[in-house]
>>> print(open('input11.txt').read())   # compact mmCIF, C-alpha atoms
# COMPACT_ATOMS: atom_id res chain seq x y z
CA MET A 287 35.93 41.29 18.13
CA ASN A 288 34.86 40.96 14.47
CA ALA A 289 38.01 42.75 13.35
CA ARG A 290 40.15 40.15 15.11
CA VAL A 291 38.48 37.08 13.61
CA THR A 292 37.32 37.54 10.05
CA ASP A 293 38.52 34.26 8.58
CA TYR A 294 36.60 31.12 9.46
CA ASP A 295 35.43 28.09 7.51
CA VAL A 296 31.86 26.88 7.39
CA LEU A 297 31.45 23.13 6.97
CA ARG A 298 28.45 20.85 6.61
CA VAL A 299 28.95 17.72 8.69
CA PHE A 300 27.07 14.41 8.34
CA CYS A 301 25.75 15.24 4.89
CA GLY A 302 23.32 12.88 3.18
CA PRO A 303 24.30 10.56 0.31
CA GLY A 304 23.75 13.31 -2.26
CA GLY A 305 25.84 15.83 -0.33
CA GLY A 306 22.89 17.80 1.02
CA HIS A 307 21.75 18.53 4.54
CA GLY A 308 24.35 18.12 7.31
CA ASN A 309 24.89 20.33 10.35
CA ALA A 310 26.59 23.69 9.80
CA LEU A 311 29.87 24.14 11.71
CA ALA A 312 32.15 27.18 11.96
CA VAL A 313 35.88 26.55 12.37
CA VAL A 314 38.29 29.34 13.28
CA ARG A 315 41.60 27.90 12.09
CA ASP A 316 43.74 30.37 14.06
CA GLY A 317 42.34 30.38 17.57
CA THR A 318 45.24 32.53 18.79
CA LEU A 319 43.44 35.52 17.28
CA MET A 320 40.81 35.14 20.00
CA PRO A 321 42.37 33.45 23.04
CA GLU A 322 39.88 34.52 25.72
CA ARG A 323 36.99 32.19 26.49
CA ASP A 324 34.49 35.02 26.96
CA ASP A 325 35.33 36.39 23.52
CA ARG A 326 35.03 32.95 21.95
CA GLN A 327 31.67 32.41 23.62
CA ALA A 328 30.41 35.76 22.37
CA PHE A 329 31.63 35.02 18.85
CA ALA A 330 29.95 31.61 18.82
CA ALA A 331 26.70 33.23 19.96
CA GLN A 332 27.03 35.88 17.24
CA LEU A 333 27.56 33.26 14.51
CA GLY A 334 24.61 31.23 15.78
CA PHE A 335 25.71 27.80 14.53
CA SER A 336 25.02 24.74 16.66
CA GLU A 337 28.75 24.71 17.39
CA THR A 338 31.88 26.73 16.62
CA VAL A 339 35.42 25.34 16.88
CA PHE A 340 38.59 27.31 17.65
CA VAL A 341 41.79 25.56 16.59
CA ASP A 342 44.55 26.33 19.09
CA ASP A 343 47.23 24.12 17.50
CA PRO A 344 46.51 22.81 13.98
CA GLU A 345 49.47 20.40 13.91
CA ARG A 346 48.65 18.74 17.24
CA GLY A 347 44.89 19.02 16.70
CA ILE A 348 44.14 20.99 19.88
CA ILE A 349 40.62 22.43 19.66
CA ASP A 350 38.08 24.33 21.77
CA ILE A 351 34.32 23.91 21.13
CA TYR A 352 31.41 26.28 21.85
CA THR A 353 27.66 26.29 21.35
CA PRO A 354 25.91 29.70 21.29
CA SER A 355 25.57 29.43 25.07
CA ALA A 356 28.23 27.08 26.48
CA ARG A 357 31.76 25.69 26.15
CA LEU A 358 31.83 21.93 25.58
CA PRO A 359 34.60 19.52 26.64
CA PHE A 360 33.72 17.33 23.65
CA ALA A 361 31.18 17.24 20.82
CA GLY A 362 30.76 14.78 17.99
CA TYR A 363 30.00 16.65 14.81
CA PRO A 364 32.57 19.43 15.45
CA CYS A 365 35.26 16.75 15.84
CA VAL A 366 34.18 14.92 12.67
CA GLY A 367 34.23 18.18 10.70
CA THR A 368 37.48 19.51 12.13
CA ALA A 369 39.21 16.15 11.62
CA TRP A 370 38.26 16.32 7.94
CA LEU A 371 39.43 19.95 7.63
CA LEU A 372 42.79 19.55 9.40
CA ASP A 373 43.54 15.96 8.28
CA VAL A 374 45.37 15.10 11.51
CA PRO A 375 45.61 11.66 13.21
CA GLU A 376 43.98 12.88 16.41
CA LEU A 377 42.22 15.81 18.03
CA VAL A 378 42.87 16.97 21.58
CA THR A 379 39.77 18.13 23.46
CA PRO A 380 39.35 18.94 27.18
CA ALA A 381 37.53 15.60 27.56
CA GLY A 382 40.30 13.52 26.00
CA VAL A 383 42.17 12.58 22.83
CA VAL A 384 39.93 11.76 19.88
CA GLY A 385 41.21 9.35 17.26
CA THR A 386 40.50 10.36 13.66
CA ARG A 387 40.70 8.82 10.21
CA LEU A 388 39.56 9.57 6.67
CA ASP A 389 38.12 6.68 4.67
CA GLY A 390 36.95 7.57 1.19
CA GLU A 391 34.08 10.03 1.44
CA PHE A 392 33.74 9.57 5.20
CA SER A 393 35.48 11.31 8.09
CA TRP A 394 35.60 9.22 11.29
CA ILE A 395 36.33 9.88 14.94
CA GLU A 396 36.72 7.45 17.85
CA ALA A 397 35.60 8.73 21.24
CA ARG A 398 34.02 7.66 24.51
CA PRO A 399 30.25 7.98 24.99
CA GLU A 400 30.67 9.29 28.55
CA TRP A 401 32.58 12.38 27.41
CA PRO A 402 29.54 14.45 26.39
CA GLU A 403 26.77 15.19 28.86
CA PRO A 404 24.15 12.42 28.86
CA ARG A 405 21.23 12.85 26.47
CA THR A 406 17.72 11.61 27.11
CA LEU A 407 17.53 8.80 24.54
CA ARG A 408 13.82 8.23 23.96
CA ARG A 409 12.68 5.42 21.71
CA TYR A 410 9.46 5.78 19.69
CA GLY A 411 7.42 3.10 17.99
CA SER A 412 7.96 4.24 14.42
CA ALA A 413 9.86 6.69 12.26
CA ALA A 414 6.56 8.44 11.53
CA GLU A 415 6.14 9.20 15.25
CA VAL A 416 9.61 10.76 15.33
CA ASP A 417 8.83 12.81 12.22
CA ALA A 418 5.62 14.14 13.79
CA LEU A 419 7.22 15.42 17.00
CA GLU A 420 6.85 19.08 17.93
CA VAL A 421 9.85 20.91 19.37
CA PRO A 422 9.65 20.37 23.14
CA PRO A 423 10.04 23.22 25.64
CA PRO A 424 13.55 23.92 27.02
CA GLY A 425 14.75 21.29 29.45
CA ASP A 426 16.46 17.95 28.83
CA TRP A 427 18.61 17.31 25.76
CA LEU A 428 16.22 14.94 23.96
CA TYR A 429 17.35 12.45 21.30
CA ALA A 430 14.20 10.94 19.82
CA TRP A 431 14.71 7.79 17.78
CA ALA A 432 12.97 4.82 16.23
CA TRP A 433 13.96 1.81 14.18
CA GLN A 434 13.47 2.14 10.43
CA ASP A 435 14.89 -1.35 9.91
CA GLU A 436 16.11 -3.00 13.12
CA ALA A 437 17.72 -5.96 11.38
CA ALA A 438 19.81 -3.62 9.23
CA GLY A 439 20.59 -1.20 12.08
CA ARG A 440 18.82 1.70 10.35
CA VAL A 441 17.56 4.40 12.73
CA ARG A 442 15.43 7.54 12.32
CA ALA A 443 16.33 10.25 14.85
CA ARG A 444 15.83 13.90 15.75
CA GLY A 445 17.73 15.94 18.35
CA PHE A 446 16.35 18.71 20.56
CA PRO A 447 19.05 20.44 22.68
CA GLY A 448 16.56 22.20 24.99
CA ARG A 449 19.09 24.89 25.93
CA GLY A 450 16.94 27.89 25.02
CA ASP A 451 19.78 29.43 23.01
CA GLY A 452 18.09 29.61 19.61
CA ILE A 453 19.00 26.08 18.45
CA GLU A 454 15.62 24.37 18.79
CA GLU A 455 16.58 21.28 16.76
CA ASP A 456 20.03 19.90 16.02
CA GLU A 457 20.30 18.63 12.46
CA ALA A 458 22.98 16.01 13.23
CA THR A 459 24.32 14.99 16.64
CA GLY A 460 27.45 12.87 16.88
CA ALA A 461 27.50 12.75 20.67
CA ALA A 462 23.98 11.35 20.90
CA ALA A 463 24.80 8.84 18.16
CA LEU A 464 27.80 7.70 20.23
CA GLN A 465 25.62 7.23 23.29
CA LEU A 466 22.86 5.39 21.43
CA THR A 467 25.43 3.08 19.85
CA ALA A 468 26.95 2.32 23.25
CA GLN A 469 23.50 1.63 24.69
CA LEU A 470 22.44 -0.71 21.86
CA GLY A 471 25.88 -2.27 21.42
CA ARG A 472 25.74 -2.41 17.64
CA ALA A 473 26.63 -0.49 14.48
CA LEU A 474 24.01 2.01 13.31
CA ASN A 475 23.08 3.88 10.17
CA ILE A 476 21.20 6.95 11.41
CA THR A 477 19.12 9.40 9.41
CA GLN A 478 18.68 12.53 11.52
CA GLY A 479 16.94 15.84 10.98
CA ALA A 480 15.99 16.81 7.45
CA GLY A 481 18.27 14.20 5.84
CA SER A 482 21.67 13.95 7.52
CA GLN A 483 23.43 10.57 7.74
CA LEU A 484 25.58 9.29 10.62
CA LEU A 485 27.35 5.93 10.69
CA THR A 486 28.54 4.37 13.95
CA ALA A 487 30.29 1.25 15.19
CA PRO A 488 31.21 0.01 18.69
CA GLN A 489 34.93 -0.46 19.31
CA PRO A 490 36.87 -2.42 21.95
CA GLU A 491 36.97 -1.26 25.58
CA GLY A 492 33.90 0.95 25.33
CA TRP A 493 35.01 3.25 22.55
CA VAL A 494 32.67 4.15 19.68
CA GLU A 495 33.38 5.30 16.14
CA VAL A 496 31.12 7.78 14.37
CA GLY A 497 31.57 8.95 10.80
CA GLY A 498 29.96 10.94 8.05
CA ARG A 499 30.42 13.07 4.97
CA VAL A 500 31.78 16.61 5.26
CA THR A 501 31.59 19.41 2.71
CA LEU A 502 33.14 22.87 2.71
CA GLU A 503 30.46 25.54 2.38
CA ARG A 504 32.70 28.62 2.57
>>> encode(input="input11.txt", output="structure tokens")
Amino acid sequence: MNARVTDYDVLRVFCGPGGGHGNALAVVRDGTLMPERDDRQAFAAQLGFSETVFVDDPERGIIDIYTPSARLPFAGYPCVGTAWLLDVPELVTPAGVVGTRLDGEFSWIEARPEWPEPRTLRRYGSAAEVDALEVPPPGDWLYAWAWQDEAAGRVRARGFPGRGDGIEEDEATGAAALQLTAQLGRALNITQGAGSQLLTAPQPEGWVEVGGRVTLER
């Protein structure tokens, strides 16, 4: 399997203002080198990133997304990162067609909050409470959040996938940010994990935009 796929990019998605932090993403630009789902799943598990993307058609933006333990019909940060890498007007996922745009230092996607599996969105009383949380045992996908500045839409968040696949905490979670934005009905500026930044904005007819900085690591 390693001999068939040796060339993949590693991106950092939703980096902070100084370019640090962000969630590591692997992108295999030529998914035809590994067409079988079982092989892709095994490769994603071997790499060990929160998610790995296989690009099946770079011109049309057709992609396939895997965690170390599951195939996903849609995921936020892989779409933001792959949109930046491919610079295409849309991405095609099993869940639906994702609109994309680049705006200065930010890569944006537009998607529907019901596409990913629901997260448990749990509000805490302060950012300090969120910072103090221990990693919960495997179970629900928990998105813990609190207002840093409610009037300004600034949120402190942490994400705990609870899958038991080695990813105890997700550094930046676009899907959860989409769902929180839909629930609150307002634009957000989210600081997640060690220092990642996610920007969101509700769109007409239930769509939500999420954007962030992307850097190429290798």
>>> residues_near_point(input="input11.txt", point="(31.1, 17.8, 24.5)", cutoff="9 Å", atoms="only C-alpha atoms", output="short mmCIF file (atom, residue, chain, number, x, y, z; two decimals) with C-alpha atoms, in the frame of the given file")
data_model
loop_
_atom_site.label_atom_id
_atom_site.label_comp_id
_atom_site.auth_asym_id
_atom_site.auth_seq_id
_atom_site.Cartn_x
_atom_site.Cartn_y
_atom_site.Cartn_z
CA ILE A 351 34.32 23.91 21.13
CA TYR A 352 31.41 26.28 21.85
CA ARG A 357 31.76 25.69 26.15
CA LEU A 358 31.83 21.93 25.58
CA PRO A 359 34.60 19.52 26.64
CA PHE A 360 33.72 17.33 23.65
CA ALA A 361 31.18 17.24 20.82
CA GLY A 362 30.76 14.78 17.99
CA THR A 379 39.77 18.13 23.46
CA PRO A 380 39.35 18.94 27.18
CA ALA A 381 37.53 15.60 27.56
CA TRP A 401 32.58 12.38 27.41
CA PRO A 402 29.54 14.45 26.39
CA GLU A 403 26.77 15.19 28.86
CA ALA A 461 27.50 12.75 20.67
#
>>> residues_around(input="input11.txt", residues="stretch 463-476 of chain A", least_positions_apart="2", cutoff="7 Å", atoms="all atoms listed in the file", output="number ranges by chain")
A: 399, 439-443, 459-461, 478, 483-488, 494, 496
>>> atom_distance(input="input11.txt", atom1="atom CA of A:Gln434", atom2="atom CA of A:Gly481")
13.8 Å
>>> residues_near_point(input="input11.txt", point="(31.3, 12.3, 10.1)", cutoff="6 Å", atoms="all atoms listed in the file", output="list of chain:residue names")
A:Phe300, A:Val366, A:Ser393, A:Trp394, A:Gly497, A:Gly498, A:Arg499
>>> atom_distance(input="input11.txt", atom1="atom CA of A:Ile453", atom2="atom CA of A:Leu371")
23.9 Å
>>> atom_distance(input="input11.txt", atom1="atom CA of A:Glu455", atom2="atom CA of A:Glu415")
16.0 Å
>>> closest_residue(input="input11.txt", among="A:Arg504, A:Ala397, A:Gly448, A:Leu407", to="A:Gln489", atoms="all atoms listed in the file")
A:Ala397
>>> closest_residue(input="input11.txt", among="A:Pro344, A:Cys301, A:Asp417, A:Glu495", to="A:Glu391", atoms="only C-alpha atoms")
A:Cys301
>>> axis_aligned_box(input="input11.txt", around="stretch 351-369 of chain A", padding_each_side="6 Å", output="lines of an AutoDock Vina configuration file")
center_x = 32.4
center_y = 22.2
center_z = 18.7
size_x = 25.6
size_y = 26.9
size_z = 27.9
>>> closest_residue(input="input11.txt", among="A:Asp316, A:Glu400, A:Asp343, A:Glu457", to="A:Gly302", atoms="only C-alpha atoms")
A:Glu457
>>> residues_around(input="input11.txt", residues="A:Tyr429", least_positions_apart="6", cutoff="8 Å", atoms="all atoms listed in the file", output="MDAnalysis selection string")
chainID A and resid 405:408 443:446 462
>>> residues_around(input="input11.txt", residues="A:Gly452", least_positions_apart="3", cutoff="9 Å", atoms="only C-alpha atoms", output="list of chain:residue names")
A:Gly334, A:Ser336, A:Pro354, A:Arg449, A:Glu455
>>> decode(input="input11.txt", residues="stretch 374-409 of chain A", atoms="N, CA and C atoms", output="PDB file, in the first residue's frame")
ATOM      1  N   VAL A 374     -10.599  25.308  -6.599  1.00  0.00           N
ATOM      2  CA  VAL A 374     -11.727  25.015  -7.486  1.00  0.00           C
ATOM      3  C   VAL A 374     -12.978  25.709  -6.937  1.00  0.00           C
ATOM      4  N   PRO A 375     -13.998  25.958  -7.779  1.00  0.00           N
ATOM      5  CA  PRO A 375     -15.187  26.681  -7.308  1.00  0.00           C
ATOM      6  C   PRO A 375     -16.118  25.859  -6.429  1.00  0.00           C
ATOM      7  N   GLU A 376     -15.952  24.549  -6.446  1.00  0.00           N
ATOM      8  CA  GLU A 376     -16.789  23.703  -5.602  1.00  0.00           C
ATOM      9  C   GLU A 376     -16.092  22.371  -5.365  1.00  0.00           C
ATOM     10  N   LEU A 377     -16.525  21.699  -4.306  1.00  0.00           N
ATOM     11  CA  LEU A 377     -16.095  20.344  -4.011  1.00  0.00           C
ATOM     12  C   LEU A 377     -17.319  19.439  -4.012  1.00  0.00           C
ATOM     13  N   VAL A 378     -17.150  18.237  -4.497  1.00  0.00           N
ATOM     14  CA  VAL A 378     -18.251  17.271  -4.543  1.00  0.00           C
ATOM     15  C   VAL A 378     -17.968  16.185  -3.509  1.00  0.00           C
ATOM     16  N   THR A 379     -18.812  16.111  -2.493  1.00  0.00           N
ATOM     17  CA  THR A 379     -18.699  15.100  -1.447  1.00  0.00           C
ATOM     18  C   THR A 379     -19.923  14.188  -1.522  1.00  0.00           C
ATOM     19  N   PRO A 380     -19.889  13.007  -0.885  1.00  0.00           N
ATOM     20  CA  PRO A 380     -21.086  12.158  -0.874  1.00  0.00           C
ATOM     21  C   PRO A 380     -22.305  12.842  -0.272  1.00  0.00           C
ATOM     22  N   ALA A 381     -22.097  13.809   0.634  1.00  0.00           N
ATOM     23  CA  ALA A 381     -23.231  14.499   1.258  1.00  0.00           C
ATOM     24  C   ALA A 381     -23.851  15.535   0.342  1.00  0.00           C
ATOM     25  N   GLY A 382     -23.059  16.139  -0.535  1.00  0.00           N
ATOM     26  CA  GLY A 382     -23.565  17.188  -1.406  1.00  0.00           C
ATOM     27  C   GLY A 382     -22.443  18.041  -1.962  1.00  0.00           C
ATOM     28  N   VAL A 383     -22.811  19.045  -2.741  1.00  0.00           N
ATOM     29  CA  VAL A 383     -21.835  19.929  -3.382  1.00  0.00           C
ATOM     30  C   VAL A 383     -21.534  21.099  -2.451  1.00  0.00           C
ATOM     31  N   VAL A 384     -20.260  21.301  -2.184  1.00  0.00           N
ATOM     32  CA  VAL A 384     -19.786  22.321  -1.258  1.00  0.00           C
ATOM     33  C   VAL A 384     -19.271  23.509  -2.064  1.00  0.00           C
ATOM     34  N   GLY A 385     -19.842  24.677  -1.848  1.00  0.00           N
ATOM     35  CA  GLY A 385     -19.327  25.873  -2.489  1.00  0.00           C
ATOM     36  C   GLY A 385     -18.022  26.303  -1.841  1.00  0.00           C
ATOM     37  N   THR A 386     -17.091  26.846  -2.626  1.00  0.00           N
ATOM     38  CA  THR A 386     -15.807  27.268  -2.087  1.00  0.00           C
ATOM     39  C   THR A 386     -15.429  28.633  -2.643  1.00  0.00           C
ATOM     40  N   ARG A 387     -14.626  29.360  -1.882  1.00  0.00           N
ATOM     41  CA  ARG A 387     -14.056  30.609  -2.368  1.00  0.00           C
ATOM     42  C   ARG A 387     -12.811  30.937  -1.565  1.00  0.00           C
ATOM     43  N   LEU A 388     -11.884  31.656  -2.186  1.00  0.00           N
ATOM     44  CA  LEU A 388     -10.695  32.163  -1.516  1.00  0.00           C
ATOM     45  C   LEU A 388     -10.843  33.670  -1.401  1.00  0.00           C
ATOM     46  N   ASP A 389     -10.582  34.190  -0.205  1.00  0.00           N
ATOM     47  CA  ASP A 389     -10.735  35.619   0.051  1.00  0.00           C
ATOM     48  C   ASP A 389      -9.546  36.072   0.893  1.00  0.00           C
ATOM     49  N   GLY A 390      -8.529  36.618   0.214  1.00  0.00           N
ATOM     50  CA  GLY A 390      -7.337  37.026   0.919  1.00  0.00           C
ATOM     51  C   GLY A 390      -6.656  35.845   1.579  1.00  0.00           C
ATOM     52  N   GLU A 391      -6.424  35.926   2.876  1.00  0.00           N
ATOM     53  CA  GLU A 391      -5.739  34.833   3.573  1.00  0.00           C
ATOM     54  C   GLU A 391      -6.680  33.718   4.006  1.00  0.00           C
ATOM     55  N   PHE A 392      -7.963  33.855   3.706  1.00  0.00           N
ATOM     56  CA  PHE A 392      -8.943  32.877   4.180  1.00  0.00           C
ATOM     57  C   PHE A 392      -9.501  32.025   3.042  1.00  0.00           C
ATOM     58  N   SER A 393      -9.648  30.729   3.354  1.00  0.00           N
ATOM     59  CA  SER A 393     -10.333  29.785   2.470  1.00  0.00           C
ATOM     60  C   SER A 393     -11.697  29.496   3.085  1.00  0.00           C
ATOM     61  N   TRP A 394     -12.761  29.610   2.257  1.00  0.00           N
ATOM     62  CA  TRP A 394     -14.131  29.469   2.741  1.00  0.00           C
ATOM     63  C   TRP A 394     -14.852  28.322   2.040  1.00  0.00           C
ATOM     64  N   ILE A 395     -15.735  27.677   2.781  1.00  0.00           N
ATOM     65  CA  ILE A 395     -16.673  26.731   2.182  1.00  0.00           C
ATOM     66  C   ILE A 395     -18.088  27.112   2.621  1.00  0.00           C
ATOM     67  N   GLU A 396     -19.068  26.702   1.832  1.00  0.00           N
ATOM     68  CA  GLU A 396     -20.478  26.865   2.185  1.00  0.00           C
ATOM     69  C   GLU A 396     -21.117  25.490   2.156  1.00  0.00           C
ATOM     70  N   ALA A 397     -21.716  25.095   3.278  1.00  0.00           N
ATOM     71  CA  ALA A 397     -22.257  23.742   3.396  1.00  0.00           C
ATOM     72  C   ALA A 397     -23.487  23.773   4.289  1.00  0.00           C
ATOM     73  N   ARG A 398     -24.110  22.620   4.450  1.00  0.00           N
ATOM     74  CA  ARG A 398     -25.313  22.517   5.263  1.00  0.00           C
ATOM     75  C   ARG A 398     -24.978  21.851   6.596  1.00  0.00           C
ATOM     76  N   PRO A 399     -25.470  22.389   7.700  1.00  0.00           N
ATOM     77  CA  PRO A 399     -25.111  21.851   9.008  1.00  0.00           C
ATOM     78  C   PRO A 399     -25.640  20.446   9.267  1.00  0.00           C
ATOM     79  N   GLU A 400     -26.637  20.008   8.485  1.00  0.00           N
ATOM     80  CA  GLU A 400     -27.155  18.652   8.699  1.00  0.00           C
ATOM     81  C   GLU A 400     -26.330  17.582   7.983  1.00  0.00           C
ATOM     82  N   TRP A 401     -25.371  17.972   7.159  1.00  0.00           N
ATOM     83  CA  TRP A 401     -24.568  16.970   6.450  1.00  0.00           C
ATOM     84  C   TRP A 401     -23.701  16.131   7.387  1.00  0.00           C
ATOM     85  N   PRO A 402     -22.958  16.725   8.307  1.00  0.00           N
ATOM     86  CA  PRO A 402     -22.201  15.872   9.232  1.00  0.00           C
ATOM     87  C   PRO A 402     -23.108  15.289  10.304  1.00  0.00           C
ATOM     88  N   GLU A 403     -22.646  14.238  10.963  1.00  0.00           N
ATOM     89  CA  GLU A 403     -23.403  13.680  12.076  1.00  0.00           C
ATOM     90  C   GLU A 403     -23.515  14.738  13.175  1.00  0.00           C
ATOM     91  N   PRO A 404     -24.651  14.766  13.871  1.00  0.00           N
ATOM     92  CA  PRO A 404     -24.816  15.781  14.922  1.00  0.00           C
ATOM     93  C   PRO A 404     -23.762  15.642  16.019  1.00  0.00           C
ATOM     94  N   ARG A 405     -23.254  16.766  16.478  1.00  0.00           N
ATOM     95  CA  ARG A 405     -22.379  16.817  17.636  1.00  0.00           C
ATOM     96  C   ARG A 405     -23.204  17.182  18.869  1.00  0.00           C
ATOM     97  N   THR A 406     -22.711  16.790  20.033  1.00  0.00           N
ATOM     98  CA  THR A 406     -23.281  17.289  21.275  1.00  0.00           C
ATOM     99  C   THR A 406     -22.655  18.648  21.538  1.00  0.00           C
ATOM    100  N   LEU A 407     -23.427  19.712  21.361  1.00  0.00           N
ATOM    101  CA  LEU A 407     -22.944  21.080  21.553  1.00  0.00           C
ATOM    102  C   LEU A 407     -23.267  21.482  22.991  1.00  0.00           C
ATOM    103  N   ARG A 408     -22.234  21.537  23.822  1.00  0.00           N
ATOM    104  CA  ARG A 408     -22.463  21.772  25.255  1.00  0.00           C
ATOM    105  C   ARG A 408     -21.864  23.116  25.655  1.00  0.00           C
ATOM    106  N   ARG A 409     -22.734  24.004  26.100  1.00  0.00           N
ATOM    107  CA  ARG A 409     -22.284  25.332  26.504  1.00  0.00           C
ATOM    108  C   ARG A 409     -21.809  25.329  27.954  1.00  0.00           C
TER     109      ARG A 409
END
